[in-house]
file coords22.cif (mmCIF, C-alpha atoms and all ligand atoms)
data_coords
loop_
_atom_site.group_PDB
_atom_site.id
_atom_site.type_symbol
_atom_site.label_atom_id
_atom_site.label_comp_id
_atom_site.auth_asym_id
_atom_site.auth_seq_id
_atom_site.Cartn_x
_atom_site.Cartn_y
_atom_site.Cartn_z
ATOM 1 C CA MET N 6 36.221 -21.893 -14.826
ATOM 2 C CA ALA N 7 35.947 -20.476 -18.364
ATOM 3 C CA GLU N 8 38.984 -20.597 -20.631
ATOM 4 C CA TYR N 9 40.886 -17.419 -21.633
ATOM 5 C CA LEU N 10 40.855 -16.989 -25.395
ATOM 6 C CA PRO N 11 43.391 -14.306 -26.392
ATOM 7 C CA SER N 12 42.619 -11.662 -29.012
ATOM 8 C CA THR N 13 43.221 -12.681 -32.592
ATOM 9 C CA ARG N 14 45.151 -9.418 -33.046
ATOM 10 C CA ASP N 15 48.838 -9.986 -32.211
ATOM 11 C CA TRP N 16 49.504 -6.453 -30.930
ATOM 12 C CA VAL N 17 46.476 -6.649 -28.670
ATOM 13 C CA ARG N 18 47.287 -10.104 -27.320
ATOM 14 C CA GLU N 19 50.890 -9.038 -26.710
ATOM 15 C CA GLN N 20 49.877 -5.854 -24.926
ATOM 16 C CA VAL N 21 47.583 -7.776 -22.573
ATOM 17 C CA GLU N 22 50.322 -10.314 -21.877
ATOM 18 C CA LEU N 23 52.962 -7.640 -21.118
ATOM 19 C CA TYR N 24 50.549 -5.579 -18.999
ATOM 20 C CA GLU N 25 49.542 -8.561 -16.869
ATOM 21 C CA ARG N 26 53.000 -10.141 -16.632
ATOM 22 C CA THR N 27 54.475 -6.878 -15.321
ATOM 23 C CA ASN N 28 51.487 -6.197 -13.054
ATOM 24 C CA GLY N 29 50.825 -2.986 -14.959
ATOM 25 C CA ALA N 30 54.399 -1.653 -14.923
ATOM 26 C CA GLU N 31 54.728 -2.089 -18.702
ATOM 27 C CA GLY N 32 52.337 -2.193 -21.648
ATOM 28 C CA ASN N 33 50.121 0.363 -19.892
ATOM 29 C CA THR N 34 49.992 2.987 -22.643
ATOM 30 C CA LEU N 35 48.806 3.092 -26.228
ATOM 31 C CA ARG N 36 52.080 2.414 -28.056
ATOM 32 C CA ASP N 37 54.302 5.514 -27.801
ATOM 33 C CA THR N 38 51.495 7.999 -27.178
ATOM 34 C CA GLY N 39 52.028 7.847 -23.415
ATOM 35 C CA LEU N 40 48.249 7.720 -23.069
ATOM 36 C CA PRO N 41 47.099 5.285 -20.366
ATOM 37 C CA VAL N 42 45.332 2.028 -21.146
ATOM 38 C CA ILE N 43 43.252 -0.333 -19.002
ATOM 39 C CA ILE N 44 42.522 -4.023 -19.574
ATOM 40 C CA VAL N 45 38.852 -5.043 -19.480
ATOM 41 C CA THR N 46 38.278 -8.717 -18.774
ATOM 42 C CA ASN N 47 34.917 -9.650 -20.237
ATOM 43 C CA THR N 48 32.921 -12.764 -21.165
ATOM 44 C CA GLY N 49 32.488 -13.882 -24.761
ATOM 45 C CA ASN N 50 28.788 -13.640 -25.596
ATOM 46 C CA LYS N 51 28.951 -16.718 -27.850
ATOM 47 C CA SER N 52 31.886 -18.706 -26.487
ATOM 48 C CA GLY N 53 31.430 -17.911 -22.789
ATOM 49 C CA ALA N 54 35.231 -17.625 -22.834
ATOM 50 C CA ILE N 55 37.281 -15.053 -20.933
ATOM 51 C CA ARG N 56 38.295 -12.189 -23.213
ATOM 52 C CA LYS N 57 40.748 -9.412 -22.350
ATOM 53 C CA THR N 58 40.399 -6.100 -24.151
ATOM 54 C CA PRO N 59 42.769 -3.130 -23.808
ATOM 55 C CA LEU N 60 40.934 0.201 -23.939
ATOM 56 C CA MET N 61 41.936 3.809 -23.366
ATOM 57 C CA ARG N 62 41.685 4.811 -19.707
ATOM 58 C CA VAL N 63 38.876 7.337 -19.315
ATOM 59 C CA LYS N 64 37.958 8.034 -15.709
ATOM 60 C CA ASP N 65 34.745 9.592 -14.382
ATOM 61 C CA GLY N 66 35.286 9.596 -10.610
ATOM 62 C CA ASP N 67 35.480 5.935 -9.589
ATOM 63 C CA ASN N 68 33.889 4.917 -12.890
ATOM 64 C CA TYR N 69 35.517 4.118 -16.225
ATOM 65 C CA VAL N 70 34.169 5.136 -19.620
ATOM 66 C CA MET N 71 34.631 2.573 -22.441
ATOM 67 C CA VAL N 72 34.328 3.631 -26.066
ATOM 68 C CA GLY N 73 33.614 1.063 -28.812
ATOM 69 C CA SER N 74 35.520 3.024 -31.414
ATOM 70 C CA GLN N 75 37.681 0.460 -33.210
ATOM 71 C CA GLY N 76 39.265 3.347 -35.103
ATOM 72 C CA GLY N 77 35.959 4.434 -36.614
ATOM 73 C CA ALA N 78 35.424 1.118 -38.409
ATOM 74 C CA PRO N 79 31.913 0.554 -39.803
ATOM 75 C CA ARG N 80 31.222 -2.322 -37.375
ATOM 76 C CA HIS N 81 31.328 -2.437 -33.589
ATOM 77 C CA PRO N 82 34.289 -4.245 -32.055
ATOM 78 C CA VAL N 83 32.926 -7.586 -30.893
ATOM 79 C CA TRP N 84 33.701 -6.804 -27.258
ATOM 80 C CA VAL N 85 30.689 -4.460 -27.457
ATOM 81 C CA HIS N 86 28.458 -7.511 -27.956
ATOM 82 C CA ASN N 87 30.157 -9.180 -25.006
ATOM 83 C CA LEU N 88 29.459 -6.237 -22.694
ATOM 84 C CA ARG N 89 25.855 -6.028 -23.883
ATOM 85 C CA ALA N 90 25.397 -9.685 -22.967
ATOM 86 C CA ASN N 91 27.464 -9.855 -19.768
ATOM 87 C CA ALA N 92 27.686 -6.734 -17.627
ATOM 88 C CA GLU N 93 30.108 -8.207 -15.087
ATOM 89 C CA VAL N 94 33.701 -7.323 -15.975
ATOM 90 C CA GLU N 95 37.038 -6.777 -14.305
ATOM 91 C CA ILE N 96 39.075 -3.685 -15.034
ATOM 92 C CA ARG N 97 42.817 -3.760 -14.561
ATOM 93 C CA ASP N 98 44.231 -0.270 -14.114
ATOM 94 C CA LEU N 99 48.003 -0.632 -13.658
ATOM 95 C CA SER N 100 48.489 -2.918 -10.637
ATOM 96 C CA GLU N 101 44.871 -2.788 -9.469
ATOM 97 C CA VAL N 102 42.107 -5.102 -10.646
ATOM 98 C CA HIS N 103 38.532 -4.048 -9.856
ATOM 99 C CA PRO N 104 35.271 -5.975 -10.312
ATOM 100 C CA MET N 105 32.939 -3.592 -12.162
ATOM 101 C CA ARG N 106 29.469 -3.641 -13.661
ATOM 102 C CA VAL N 107 28.981 -2.020 -17.076
ATOM 103 C CA ARG N 108 25.980 -0.416 -18.644
ATOM 104 C CA GLU N 109 25.580 1.118 -22.048
ATOM 105 C CA VAL N 110 24.969 4.864 -21.901
ATOM 106 C CA GLU N 111 21.633 5.694 -23.570
ATOM 107 C CA ASP N 112 20.714 9.044 -22.047
ATOM 108 C CA GLY N 113 21.747 11.902 -24.372
ATOM 109 C CA ALA N 114 22.937 14.318 -21.706
ATOM 110 C CA GLU N 115 24.959 11.656 -19.879
ATOM 111 C CA ARG N 116 26.455 10.467 -23.156
ATOM 112 C CA SER N 117 27.496 14.013 -24.107
ATOM 113 C CA ARG N 118 29.176 14.515 -20.758
ATOM 114 C CA LEU N 119 31.004 11.177 -20.907
ATOM 115 C CA TRP N 120 31.876 11.622 -24.590
ATOM 116 C CA ALA N 121 33.593 14.921 -23.735
ATOM 117 C CA LEU N 122 35.637 13.154 -21.027
ATOM 118 C CA ALA N 123 36.583 10.443 -23.512
ATOM 119 C CA VAL N 124 37.681 12.893 -26.210
ATOM 120 C CA GLU N 125 39.671 14.851 -23.619
ATOM 121 C CA ALA N 126 41.485 11.641 -22.641
ATOM 122 C CA TYR N 127 41.923 10.461 -26.240
ATOM 123 C CA PRO N 128 41.213 13.137 -28.910
ATOM 124 C CA PRO N 129 41.182 10.711 -31.875
ATOM 125 C CA TYR N 130 37.770 9.418 -30.665
ATOM 126 C CA GLN N 131 36.317 12.580 -32.218
ATOM 127 C CA ASP N 132 37.875 11.812 -35.592
ATOM 128 C CA TYR N 133 36.696 8.206 -35.364
ATOM 129 C CA GLN N 134 33.078 9.293 -34.834
ATOM 130 C CA GLN N 135 33.307 11.661 -37.805
ATOM 131 C CA ARG N 136 34.681 8.818 -39.912
ATOM 132 C CA THR N 137 31.695 6.515 -39.514
ATOM 133 C CA LYS N 138 27.899 6.609 -39.690
ATOM 134 C CA ARG N 139 27.950 4.030 -36.866
ATOM 135 C CA LYS N 140 27.077 5.639 -33.534
ATOM 136 C CA ILE N 141 30.090 4.668 -31.442
ATOM 137 C CA PRO N 142 28.764 2.950 -28.299
ATOM 138 C CA VAL N 143 29.740 4.328 -24.898
ATOM 139 C CA PHE N 144 29.669 2.206 -21.762
ATOM 140 C CA VAL N 145 30.285 3.173 -18.169
ATOM 141 C CA ALA N 146 31.736 0.723 -15.675
ATOM 142 C CA GLU N 147 30.819 1.247 -12.022
ATOM 143 C CA PRO N 148 32.457 -0.456 -9.050
ATOM 144 C CA VAL N 149 30.387 -3.341 -7.646
HETATM 145 N N1 LIG N 201 39.468 -0.462 -29.120
HETATM 146 C C1 LIG N 201 38.378 0.351 -28.919
HETATM 147 O O1 LIG N 201 37.321 0.094 -29.488
HETATM 148 N N2 LIG N 201 38.466 1.455 -28.071
HETATM 149 C C2 LIG N 201 39.619 1.780 -27.429
HETATM 150 O O2 LIG N 201 39.653 2.755 -26.657
HETATM 151 C C3 LIG N 201 40.776 0.954 -27.639
HETATM 152 C C4 LIG N 201 42.020 1.214 -27.038
HETATM 153 C C5 LIG N 201 43.091 0.322 -27.224
HETATM 154 C C6 LIG N 201 44.325 0.519 -26.576
HETATM 155 C C7 LIG N 201 45.359 -0.403 -26.741
HETATM 156 C C8 LIG N 201 45.177 -1.535 -27.551
HETATM 157 O O3 LIG N 201 46.171 -2.439 -27.695
HETATM 158 C C9 LIG N 201 43.966 -1.735 -28.217
HETATM 159 C C10 LIG N 201 42.916 -0.821 -28.055
HETATM 160 N N3 LIG N 201 41.708 -1.031 -28.686
HETATM 161 C C11 LIG N 201 40.641 -0.183 -28.492
HETATM 162 C C12 LIG N 201 41.490 -2.223 -29.537
HETATM 163 C C13 LIG N 201 40.689 -3.270 -28.704
HETATM 164 O O4 LIG N 201 41.505 -3.701 -27.659
HETATM 165 C C14 LIG N 201 40.276 -4.477 -29.555
HETATM 166 O O5 LIG N 201 41.346 -5.229 -29.938
HETATM 167 C C15 LIG N 201 39.597 -4.051 -30.827
HETATM 168 O O6 LIG N 201 38.560 -3.160 -30.489
HETATM 169 C C16 LIG N 201 39.053 -5.309 -31.510
HETATM 170 O O7 LIG N 201 38.319 -5.935 -30.537
HETATM 171 P P1 LIG N 201 37.411 -7.162 -30.823
HETATM 172 O O8 LIG N 201 36.648 -7.403 -29.581
HETATM 173 O O9 LIG N 201 36.669 -6.980 -32.098
HETATM 174 O O10 LIG N 201 38.513 -8.357 -30.945
HETATM 175 C C17 LIG N 201 38.700 -9.104 -32.122
HETATM 176 C C18 LIG N 201 39.881 -8.665 -32.879
HETATM 177 C C19 LIG N 201 38.842 -10.503 -31.601
HETATM 178 O O11 LIG N 201 39.666 -10.759 -30.743
HETATM 179 N N4 LIG N 201 37.975 -11.350 -32.096
HETATM 180 C C20 LIG N 201 37.987 -12.733 -31.648
HETATM 181 C C21 LIG N 201 38.151 -13.640 -32.827
HETATM 182 O O12 LIG N 201 38.407 -14.816 -32.575
HETATM 183 O O13 LIG N 201 38.024 -13.133 -33.969
HETATM 184 C C22 LIG N 201 36.663 -13.009 -30.934
HETATM 185 C C23 LIG N 201 36.582 -12.167 -29.704
HETATM 186 C C24 LIG N 201 35.277 -12.346 -28.970
HETATM 187 O O14 LIG N 201 35.057 -11.673 -28.002
HETATM 188 N N5 LIG N 201 34.366 -13.270 -29.433
HETATM 189 C C25 LIG N 201 33.079 -13.418 -28.759
HETATM 190 C C26 LIG N 201 33.024 -14.694 -27.925
HETATM 191 O O15 LIG N 201 31.899 -15.190 -27.667
HETATM 192 O O16 LIG N 201 34.070 -15.150 -27.485
HETATM 193 C C27 LIG N 201 31.981 -13.422 -29.823
HETATM 194 C C28 LIG N 201 31.854 -12.021 -30.346
HETATM 195 C C29 LIG N 201 30.704 -11.945 -31.357
HETATM 196 O O17 LIG N 201 29.582 -11.621 -30.925
HETATM 197 O O18 LIG N 201 30.972 -12.250 -32.534
#

call {"tool": "encode", "arguments": {"input": "coords22.cif", "output": "structure tokens", "more": "lines below"}}
Ligand code: F42
result
Amino acid sequence: MAEYLPSTRDWVREQVELYERTNGAEGNTLRDTGLPVIIVTNTGNKSGAIRKTPLMRVKDGDNYVMVGSQGGAPRHPVWVHNLRANAEVEIRDLSEVHPMRVREVEDGAERSRLWALAVEAYPPYQDYQQRTKRKIPVFVAEPV
């Protein structure tokens, strides 16, 4: 069984801990925005370790849309590399944990549709994309 290596960012590690300890009753929004957050359990592409990444909750039917924004930083968050290497993840949405398979969205029309859903759920994504030349990666997670 791989080891869980918590995020090196305190506020991220603490949010994951609170979310899981309360079975989704607490820690389930982005700070005081009231906007819902999911926890994506993924596999480190170098360490093989278990990583847990909070992301904004963007639903598309039974699927989830995951946006590698990192606030519009010039580099992808490293969880993007994890998902590109290991498509099997678990998504915790409040008290439910679902095994999901992710794929990166390449098709332009699909990406536009999913991007609109993401921006509707979390408007700052739009600002983040305008802030960086990096094309923010979009993944979709589908139930297995
Ligand atoms: N980030 C987003 O990009 N999009 C969101 O919608 C989003 C929402 C969100 C909501 C709440 C919250 O608390 C955080 C949120 N974040 C969002 C931030 C997100 O959760 C991540 O913390 C952030 O994107 C940084 O992710 P990261 O994957 O770059 O994590 C860093 C800080 C980290 O933990 N690095 C570790 C370290 O030791 O430095 C390594 C982590 C890792 O996965 N390592 C890989 C391995 O093999 O284990 C190797 C990775 C590689 O290839 O280098």

call {"tool": "residues_around", "arguments": {"input": "coords22.cif", "residues": "range 103-112 of chain N", "least_positions_apart": "3", "cutoff": "12 Å", "atoms": "all atoms listed in the file", "output": "compact mmCIF listing (two decimals) with C-alpha atoms, in the frame of the given file"}}
result
# COMPACT_ATOMS: atom_id res chain seq x y z
CA ILE N 43 43.25 -0.33 -19.00
CA ILE N 44 42.52 -4.02 -19.57
CA VAL N 45 38.85 -5.04 -19.48
CA THR N 46 38.28 -8.72 -18.77
CA ASN N 47 34.92 -9.65 -20.24
CA ASP N 67 35.48 5.94 -9.59
CA ASN N 68 33.89 4.92 -12.89
CA TYR N 69 35.52 4.12 -16.23
CA VAL N 70 34.17 5.14 -19.62
CA MET N 71 34.63 2.57 -22.44
CA VAL N 72 34.33 3.63 -26.07
CA GLY N 73 33.61 1.06 -28.81
CA VAL N 85 30.69 -4.46 -27.46
CA HIS N 86 28.46 -7.51 -27.96
CA ASN N 87 30.16 -9.18 -25.01
CA LEU N 88 29.46 -6.24 -22.69
CA ARG N 89 25.86 -6.03 -23.88
CA ALA N 90 25.40 -9.68 -22.97
CA ASN N 91 27.46 -9.86 -19.77
CA ALA N 92 27.69 -6.73 -17.63
CA GLU N 93 30.11 -8.21 -15.09
CA VAL N 94 33.70 -7.32 -15.98
CA GLU N 95 37.04 -6.78 -14.30
CA ILE N 96 39.08 -3.68 -15.03
CA ARG N 97 42.82 -3.76 -14.56
CA ASP N 98 44.23 -0.27 -14.11
CA LEU N 99 48.00 -0.63 -13.66
CA SER N 100 48.49 -2.92 -10.64
CA GLU N 115 24.96 11.66 -19.88
CA ARG N 116 26.46 10.47 -23.16
CA SER N 117 27.50 14.01 -24.11
CA ARG N 118 29.18 14.52 -20.76
CA LEU N 119 31.00 11.18 -20.91
CA TRP N 120 31.88 11.62 -24.59
CA LYS N 140 27.08 5.64 -33.53
CA ILE N 141 30.09 4.67 -31.44
CA PRO N 142 28.76 2.95 -28.30
CA VAL N 143 29.74 4.33 -24.90
CA PHE N 144 29.67 2.21 -21.76
CA VAL N 145 30.28 3.17 -18.17
CA ALA N 146 31.74 0.72 -15.68
CA GLU N 147 30.82 1.25 -12.02
CA PRO N 148 32.46 -0.46 -9.05
CA VAL N 149 30.39 -3.34 -7.65

call {"tool": "atom_distance", "arguments": {"input": "coords22.cif", "atom1": "CA of Tyr130 in chain N", "atom2": "atom O2 of ligand LIG 201 (chain N)"}}
result
8.0 Å

call {"tool": "residues_near_ligand", "arguments": {"input": "coords22.cif", "ligand": "ligand LIG 201 (chain N)", "cutoff": "7 Å", "atoms": "all atoms listed in the file", "output": "PyMOL selection string"}}
result
chain N and resi 11-14+16-17+20+35+42+48-54+56+58-61+71-76+82-87

call {"tool": "atom_distance", "arguments": {"input": "coords22.cif", "atom1": "CA of Tyr133 in chain N", "atom2": "CA of Thr38 in chain N"}}
result
16.9 Å

call {"tool": "atom_distance", "arguments": {"input": "coords22.cif", "atom1": "CA of Ala123 in chain N", "atom2": "CA of Glu22 in chain N"}}
result
24.9 Å

call {"tool": "closest_residue", "arguments": {"input": "coords22.cif", "among": "N:Gly66, N:Arg36, N:Gly77, N:Glu31", "to": "Gln131 in chain N", "atoms": "all atoms listed in the file"}}
result
N:Gly77

call {"tool": "closest_residue", "arguments": {"input": "coords22.cif", "among": "N:Lys64, N:Gly29, N:His81, N:Val21", "to": "Lys138 in chain N", "atoms": "only C-alpha atoms"}}
result
N:His81

call {"tool": "closest_residue", "arguments": {"input": "coords22.cif", "among": "N:Ala114, N:Ala126, N:Leu10, N:Leu40", "to": "Lys57 in chain N", "atoms": "all atoms listed in the file"}}
result
N:Leu10

call {"tool": "closest_residue", "arguments": {"input": "coords22.cif", "among": "N:Ala7, N:Val63, N:Ala30, N:Gly113", "to": "Pro128 in chain N", "atoms": "all atoms listed in the file"}}
result
N:Val63

call {"tool": "closest_residue", "arguments": {"input": "coords22.cif", "among": "N:Pro41, N:Ile55, N:Arg18, N:Thr34", "to": "Met6 in chain N", "atoms": "all atoms listed in the file"}}
result
N:Ile55

call {"tool": "axis_aligned_box", "arguments": {"input": "coords22.cif", "around": "range 97-110 of chain N", "padding_each_side": "8 Å", "output": "AutoDock Vina command-line options"}}
result
--center_x 36.7 --center_y -0.6 --center_z -15.8 --size_x 39.5 --size_y 26.8 --size_z 28.6
